[in-house]
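Just below is one structure, and these are the notes that go with it.
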Amino acid sequence: MPIICWIHGWAMHLDAGRHIGKDSWLVTGISILLFLGFLAAAGPFLVPHDPYDISFSPLRPPSADHWLGTNDGGMDILSELVFSLRNTVIFGVTAGTAGLVLGVVTGLFSAWAGGWTDQVVMRLADIVLAIPSVMVLILVAAFFQPSPVVLALVLAGLAWPTTARGVRAQALALKNSLHIKAAQRMGGSGRYIIARHLMPELFPLYLINFAAKTRMAVFMEASLAFLGLFDPGEKSLGLMISYALQYYYLDIWSNWLMPPIMLLSLLIMGTTFVTISLEKMFDPRLRKTV
Amino acid sequence: MTTQIKDLTVSYQDHDHALLALDRLDLVLQPGKITALVGESGSGKTTLGKALMGILPENARAEGSISLGSAQILGLDEPSMNQLRWSQVAMVFQNGAASLNPVHCLIDQVAEPLVQKGIVRTKAMTAARDLLGRMGIDADQAGRYPHELSGGQVQRGLLAMSLILDPPVLVLDEPTAALDAMTKLFIAQVIRDLKSAGKTILLITHDLDLARNLADAIAVLYLGRIMEYLPGTDLVDRPCHPYTLALVRAFPFMDGMRDLGGIRGDAFYRMVHAHARENGRTHAHVHVAAPDAVHQGGHAPPQGCLFQPRCTQAVAACSIGDIDFTPCDTHQVRCIRGGIARILSFEKVAKSFGRVKALAPTDLTLMAGEVFCLVGETGSGKSTLAAIAAGAVVPDQGRRIFQDRDMDTWMKTDFASLAPKIGMIYQNPAESVSHRFTVFDIVAEPLRIQKPVPDPETMRARVLAALADVRLSTAPEFLKRYPHELNMGAIQRVCIARALVHAPDLLIADEPTSALDPSVQAKVLKMLLGLQIEKGLTLLFVTHDVGLARKVADRIGVMARGTIMETGPAARIINHPKQTCTKMLINSARGMSSQSLASIPDYEKENICRF
């Protein structure tokens, strides 16, 4: 219910239809994401073959039965592609959501508590921020070979500080605003003020951070898979690229190598476009027309 | 001649009911002293005058005693009363011209009591002419008929008539009502002369200005009971009873600065009933009734303080038992709270923000039901003081006492019960509300914060009532509006509604109108002051605008250098400032040039404020 309130609250400020319709970046980004989202969600039911079915003859060029041909293991590439996309999106969204929640909670907590708590939490954030996340992920993936979801959570555990910092900075500025002081004077508890005043106010930050984190996670997942640090039995866009590259001397680039690269690029582009236009929308300084 | 009124109860029989005009009234009138009887219409002032003259109407029933020297007036038969009347006690009636006979000329009517006493007519006429002459009515005017005379002349004629037999006790019922200021001054001088001549004078008047100038003692009457008995000089500056304060606030004194404020609610009259109960016995009781009230059988008689429904500081105990006099200062007040209560007091409260000393040790007392204005330049600590009063800032040192409880302990242990008692209005209305809240949400916020949260229907009713109080729409469409869709004046009204939704006892307004243009400011202020009267609020009003403060305040506190330099009644502060910084502030507000500022002596030496 509160979420509906917030969105409703934002809609009134944005005059949603007018703004969103005018912003071609946002329109493009959202269209791409909707298309990919649809593909990831509904694709597995539409594809002609089981992606794990290895009964087809390997390395066939595209045909009526296999639109994108088959790979070295005799699997249908189109089916594999759709399943890979789905896994990549799930990884991205999981890491993005977890990172966002972690960041927002620590940021708000830190800002509201202030004093020593704030100092400790923020120094912790600095330390985490200083750790090169790729290296940590490579090590974790290599040593523990965790499931993709666990890996996504580890990524979130490394990615929260930027969100936390942003949220804290905004919350600190808001904390001194008159309406929050007024609510405090009326006897409003910290919980009440965070829930009713601070959290809704930070809504744009959530969107921006979620989009940015998801983009980063998608890219990270592809990189790790490409490096071969993923369970080879899993389906992932990065893994597909990695496998396809092993056969680069064959004429497979257009039907095997190209499609996962295209989808990955589209996914990253889509989230990037949405992030950029959201930042513009909520930061008046970046907005060209008022 | 000392006149003693003891336990006087007068009621007027009206079919099955009786109207209670005076209730157990005690009053002593001393020779050479003027005692003024003030109070709203219907409080029983004239009834007392009539009782003293022994001219209560047929349906009146009087109990108690009135002794005029050695003579008992009450219950005296008509012939002996006639002996006393005019010779021992005389009265100037209200509504002058009506009490003169239109077919006789003035001098005849003035001489009549002498003639009645058996004095030769020519002598009587000479005496009357002399007396009228002393009242400023020449022989020509004295020979005219009442309708040929002006109101002032009639009034002076009546005064002469009451004095013709040189009675030691005089009852003057509204002697100056409907007179212009010059005539009033003349009559006042006559009354003063009579006082020095050793007469015992009872002055019945609405005119508080006359009362405070003439009277040695003032009795404030409300629904037949004396609420306060005070020295005349204290009337304006130090009233002790909330009713006296309200009367003073309602009176247009020449040096009054504040816009007039009435007294909330209405007083009607008190009825004595006797009607049958279920057990067949009759049951007499008294209650306050409005003229259009329909009597319902079996209700409880009123208890406690008569003024309680209109009082600004009523507590539960006010409606229990019979309230007796308690001393307050040199006054006697009929108030169980011992007169006007302190709602908030500061003792040596100080606050620093880091190295900045925002507030030096400061004392402050807010009385219930008053409007106290804090004025001063920016940075003088006004807002800090207001924030400390509101409980938004904790002082470094000093004690805060709110409604007789230590505020700091109260805040620490149970802030939730303190917060709704203090409402706050901020300087910047648009920022003091979340732009994400609708009008309804804004006004309902204090209710939502307070536990237990009322059920939706009660909440809605209270929000609508608060919005109606501030004269805003209560239409469903309006409730759904967001602050950015409203103008500043409307947002500030919404903020006021939010501050009032818990029915606070103290309202703190920090520059509430500085973000508004003058016309909106005027409207919002008028409404705010109206609410202050209506709700019986105590208002702490912070402003840098002295011009505004004098229109709003009962008392003004002038701040400079982080402390209150001077406090006093608004009129005194504005007209006769004592401290240099007050003078500077008022002079700057009057737009005097810097030269005249420099001409104020000694400000360097006094080193009180930084001007």
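By order of appearance in the structure tokens: chains A, B, ..., then residues from 1 within every chain, and ligands from 1 in the order shown.
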With the cut-off set at 8 Å and counting only C-alpha atoms, tabulate each residue of chain A with an atom at most that distance from an atom of chain B, showing the nearest atom pair and its distance in Å to one decimal, ordered by chain and increasing number, as CSV.
residue,atom,partner,partner_atom,distance
A:Gly9,CA,B:Arg436,CA,5.6
A:Trp10,CA,B:Arg436,CA,7.9
A:Ser177,CA,B:Glu431,CA,7.2
A:Leu178,CA,B:Ser432,CA,4.6
A:His179,CA,B:Ser432,CA,4.0
A:Ile180,CA,B:Ser432,CA,7.7
A:Lys181,CA,B:Ala392,CA,7.9
A:Ala182,CA,B:Ser432,CA,6.5
A:Ala183,CA,B:Pro446,CA,7.6
A:Gln184,CA,B:Ala392,CA,7.9
A:Arg185,CA,B:Ala392,CA,5.6
A:Met186,CA,B:Ala419,CA,5.4
A:Gly187,CA,B:Ala416,CA,5.6
A:Gly188,CA,B:Ile449,CA,5.3
A:Ser189,CA,B:Ile449,CA,7.8
A:Tyr192,CA,B:Ile449,CA,7.6
A:His197,CA,B:Ser434,CA,7.3
A:Glu201,CA,B:Arg436,CA,7.9
Exercise. Residues at most 9 Å from Ile138 of chain A, counting only C-alpha atoms, excluding those fewer than 3 positions away in the same chain, as a PyMOL selection string?
Worked result: chain A and resi 133-135+141-143+224+227+229
Shell of 10 Å around Ile573 of chain B, only C-alpha atoms, local chain residues under 6 positions omitted, as a PDB file with all heavy atoms, in the first residue's frame:
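So the final result, stored in out_13.pdb, reads:
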ATOM      1  N   ARG B 550       2.246  44.801  17.678  1.00  0.00           N
ATOM      2  CA  ARG B 550       1.358  45.642  18.481  1.00  0.00           C
ATOM      3  C   ARG B 550      -0.104  45.419  18.125  1.00  0.00           C
ATOM      4  O   ARG B 550      -0.983  45.704  18.925  1.00  0.00           O
ATOM      5  CB  ARG B 550       1.735  47.115  18.334  1.00  0.00           C
ATOM      6  CG  ARG B 550       1.421  47.664  17.002  1.00  0.00           C
ATOM      7  CD  ARG B 550       1.841  49.099  16.833  1.00  0.00           C
ATOM      8  NE  ARG B 550       1.172  49.575  15.640  1.00  0.00           N
ATOM      9  CZ  ARG B 550       0.439  50.662  15.573  1.00  0.00           C
ATOM     10  NH1 ARG B 550       0.312  51.421  16.621  1.00  0.00           N
ATOM     11  NH2 ARG B 550      -0.163  50.994  14.470  1.00  0.00           N
ATOM     12  N   ARG B 555       0.876  41.050  25.521  1.00  0.00           N
ATOM     13  CA  ARG B 555       2.164  41.447  26.096  1.00  0.00           C
ATOM     14  C   ARG B 555       3.242  41.272  25.040  1.00  0.00           C
ATOM     15  O   ARG B 555       3.129  40.435  24.160  1.00  0.00           O
ATOM     16  CB  ARG B 555       2.488  40.574  27.308  1.00  0.00           C
ATOM     17  CG  ARG B 555       1.653  40.921  28.531  1.00  0.00           C
ATOM     18  CD  ARG B 555       2.276  40.365  29.792  1.00  0.00           C
ATOM     19  NE  ARG B 555       2.458  38.929  29.722  1.00  0.00           N
ATOM     20  CZ  ARG B 555       3.515  38.305  30.247  1.00  0.00           C
ATOM     21  NH1 ARG B 555       4.477  38.992  30.838  1.00  0.00           N
ATOM     22  NH2 ARG B 555       3.605  36.995  30.159  1.00  0.00           N
ATOM     23  N   ILE B 556       4.287  42.064  25.173  1.00  0.00           N
ATOM     24  CA  ILE B 556       5.388  41.989  24.225  1.00  0.00           C
ATOM     25  C   ILE B 556       6.670  41.722  25.003  1.00  0.00           C
ATOM     26  O   ILE B 556       6.879  42.286  26.089  1.00  0.00           O
ATOM     27  CB  ILE B 556       5.516  43.298  23.413  1.00  0.00           C
ATOM     28  CG1 ILE B 556       4.346  43.433  22.437  1.00  0.00           C
ATOM     29  CG2 ILE B 556       6.843  43.356  22.647  1.00  0.00           C
ATOM     30  CD1 ILE B 556       4.395  44.675  21.580  1.00  0.00           C
ATOM     31  N   GLY B 557       7.504  40.854  24.472  1.00  0.00           N
ATOM     32  CA  GLY B 557       8.839  40.655  25.017  1.00  0.00           C
ATOM     33  C   GLY B 557       9.841  41.071  23.959  1.00  0.00           C
ATOM     34  O   GLY B 557       9.744  40.639  22.816  1.00  0.00           O
ATOM     35  N   VAL B 558      10.762  41.940  24.333  1.00  0.00           N
ATOM     36  CA  VAL B 558      11.730  42.418  23.350  1.00  0.00           C
ATOM     37  C   VAL B 558      13.033  41.655  23.534  1.00  0.00           C
ATOM     38  O   VAL B 558      13.581  41.610  24.633  1.00  0.00           O
ATOM     39  CB  VAL B 558      11.981  43.933  23.518  1.00  0.00           C
ATOM     40  CG1 VAL B 558      12.983  44.416  22.487  1.00  0.00           C
ATOM     41  CG2 VAL B 558      10.678  44.683  23.414  1.00  0.00           C
ATOM     42  N   GLU B 566      13.170  43.223  27.813  1.00  0.00           N
ATOM     43  CA  GLU B 566      12.061  43.952  28.410  1.00  0.00           C
ATOM     44  C   GLU B 566      10.753  43.232  28.094  1.00  0.00           C
ATOM     45  O   GLU B 566      10.556  42.766  26.981  1.00  0.00           O
ATOM     46  CB  GLU B 566      12.033  45.374  27.818  1.00  0.00           C
ATOM     47  CG  GLU B 566      11.065  46.299  28.509  1.00  0.00           C
ATOM     48  CD  GLU B 566      11.157  47.727  27.967  1.00  0.00           C
ATOM     49  OE1 GLU B 566      11.922  47.964  27.027  1.00  0.00           O
ATOM     50  OE2 GLU B 566      10.444  48.587  28.503  1.00  0.00           O
ATOM     51  N   THR B 567       9.915  43.127  29.099  1.00  0.00           N
ATOM     52  CA  THR B 567       8.583  42.553  28.865  1.00  0.00           C
ATOM     53  C   THR B 567       7.554  43.500  29.452  1.00  0.00           C
ATOM     54  O   THR B 567       7.822  44.164  30.455  1.00  0.00           O
ATOM     55  CB  THR B 567       8.373  41.211  29.608  1.00  0.00           C
ATOM     56  OG1 THR B 567       9.515  40.900  30.322  1.00  0.00           O
ATOM     57  CG2 THR B 567       8.019  40.123  28.666  1.00  0.00           C
ATOM     58  N   GLN B 579      13.887  50.254  27.782  1.00  0.00           N
ATOM     59  CA  GLN B 579      15.239  49.888  27.396  1.00  0.00           C
ATOM     60  C   GLN B 579      15.622  50.544  26.071  1.00  0.00           C
ATOM     61  O   GLN B 579      14.776  50.758  25.206  1.00  0.00           O
ATOM     62  CB  GLN B 579      15.341  48.365  27.232  1.00  0.00           C
ATOM     63  CG  GLN B 579      15.051  47.600  28.486  1.00  0.00           C
ATOM     64  CD  GLN B 579      16.193  47.668  29.481  1.00  0.00           C
ATOM     65  OE1 GLN B 579      17.270  48.151  29.167  1.00  0.00           O
ATOM     66  NE2 GLN B 579      15.951  47.203  30.688  1.00  0.00           N
ATOM     67  N   THR B 582      14.731  48.552  22.981  1.00  0.00           N
ATOM     68  CA  THR B 582      13.311  48.625  22.631  1.00  0.00           C
ATOM     69  C   THR B 582      13.033  49.913  21.877  1.00  0.00           C
ATOM     70  O   THR B 582      12.343  49.925  20.857  1.00  0.00           O
ATOM     71  CB  THR B 582      12.449  48.582  23.904  1.00  0.00           C
ATOM     72  OG1 THR B 582      12.940  47.581  24.751  1.00  0.00           O
ATOM     73  CG2 THR B 582      11.013  48.306  23.567  1.00  0.00           C
ATOM     74  N   LYS B 583      13.603  51.012  22.386  1.00  0.00           N
ATOM     75  CA  LYS B 583      13.407  52.296  21.714  1.00  0.00           C
ATOM     76  C   LYS B 583      13.937  52.234  20.293  1.00  0.00           C
ATOM     77  O   LYS B 583      13.285  52.695  19.352  1.00  0.00           O
ATOM     78  CB  LYS B 583      14.144  53.401  22.484  1.00  0.00           C
ATOM     79  CG  LYS B 583      13.484  53.756  23.805  1.00  0.00           C
ATOM     80  CD  LYS B 583      14.299  54.786  24.549  1.00  0.00           C
ATOM     81  CE  LYS B 583      13.843  54.864  25.992  1.00  0.00           C
ATOM     82  NZ  LYS B 583      14.865  55.462  26.858  1.00  0.00           N
ATOM     83  N   ILE B 586      11.625  50.164  18.080  1.00  0.00           N
ATOM     84  CA  ILE B 586      10.363  50.823  17.761  1.00  0.00           C
ATOM     85  C   ILE B 586      10.609  51.998  16.820  1.00  0.00           C
ATOM     86  O   ILE B 586       9.867  52.197  15.863  1.00  0.00           O
ATOM     87  CB  ILE B 586       9.664  51.263  19.060  1.00  0.00           C
ATOM     88  CG1 ILE B 586       9.157  50.017  19.777  1.00  0.00           C
ATOM     89  CG2 ILE B 586       8.522  52.206  18.767  1.00  0.00           C
ATOM     90  CD1 ILE B 586       8.782  50.246  21.192  1.00  0.00           C
TER      91      ILE B 586
END
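One finds atom CA of Ala21 of chain B at 23.4 Å from atom CA of Thr200 of chain B.
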Problem set entry | Shell of 12 Å around Ala181 of chain B, only C-alpha atoms, local chain residues under 4 positions omitted, as a list of chain:residue names |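 Here the qualifying residues turn out to be B:Gly152, B:Thr176, B:Ala177, B:Leu185, B:Phe186, B:Ile187, B:Ala188, B:Asp207, B:Asp209, B:Leu210, B:Met254.
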Expected file: the selected residues, C-alpha atoms, as a CSV table (one decimal), in the first residue's frame:
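As a result, part_6.csv now contains:
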chain,number,residue,atom,x,y,z
B,152,GLY,CA,-24.9,65.3,27.8
B,176,THR,CA,-21.3,58.3,30.8
B,177,ALA,CA,-22.8,55.9,28.3
B,185,LEU,CA,-14.4,64.1,31.0
B,186,PHE,CA,-16.6,66.7,32.6
B,187,ILE,CA,-18.8,64.1,34.3
B,188,ALA,CA,-15.8,62.2,35.5
B,207,ASP,CA,-16.7,51.7,30.4
B,209,ASP,CA,-11.6,53.3,30.9
B,210,LEU,CA,-13.9,55.3,33.2
B,254,MET,CA,-7.3,54.7,23.6
Exercise. So, counting only C-alpha atoms, which residue among A:Val167, A:Val128, A:Ala156, A:Val47 is closest to Ser79 of chain A?
Worked result: A:Val47
Exercise. Using only C-alpha atoms, which of B:Ala497, B:Ile263, B:Val552, B:Cys373 sits nearest Leu529 of chain B?
Worked result: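 Closest candidate: B:Val552.
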Problem set entry | 10 Å contact set for Ile73 of chain B, only C-alpha atoms, chain neighbours under 4 positions out, as a ChimeraX atom specification | /B:5,51-54,65-69,77,80-81,84-85
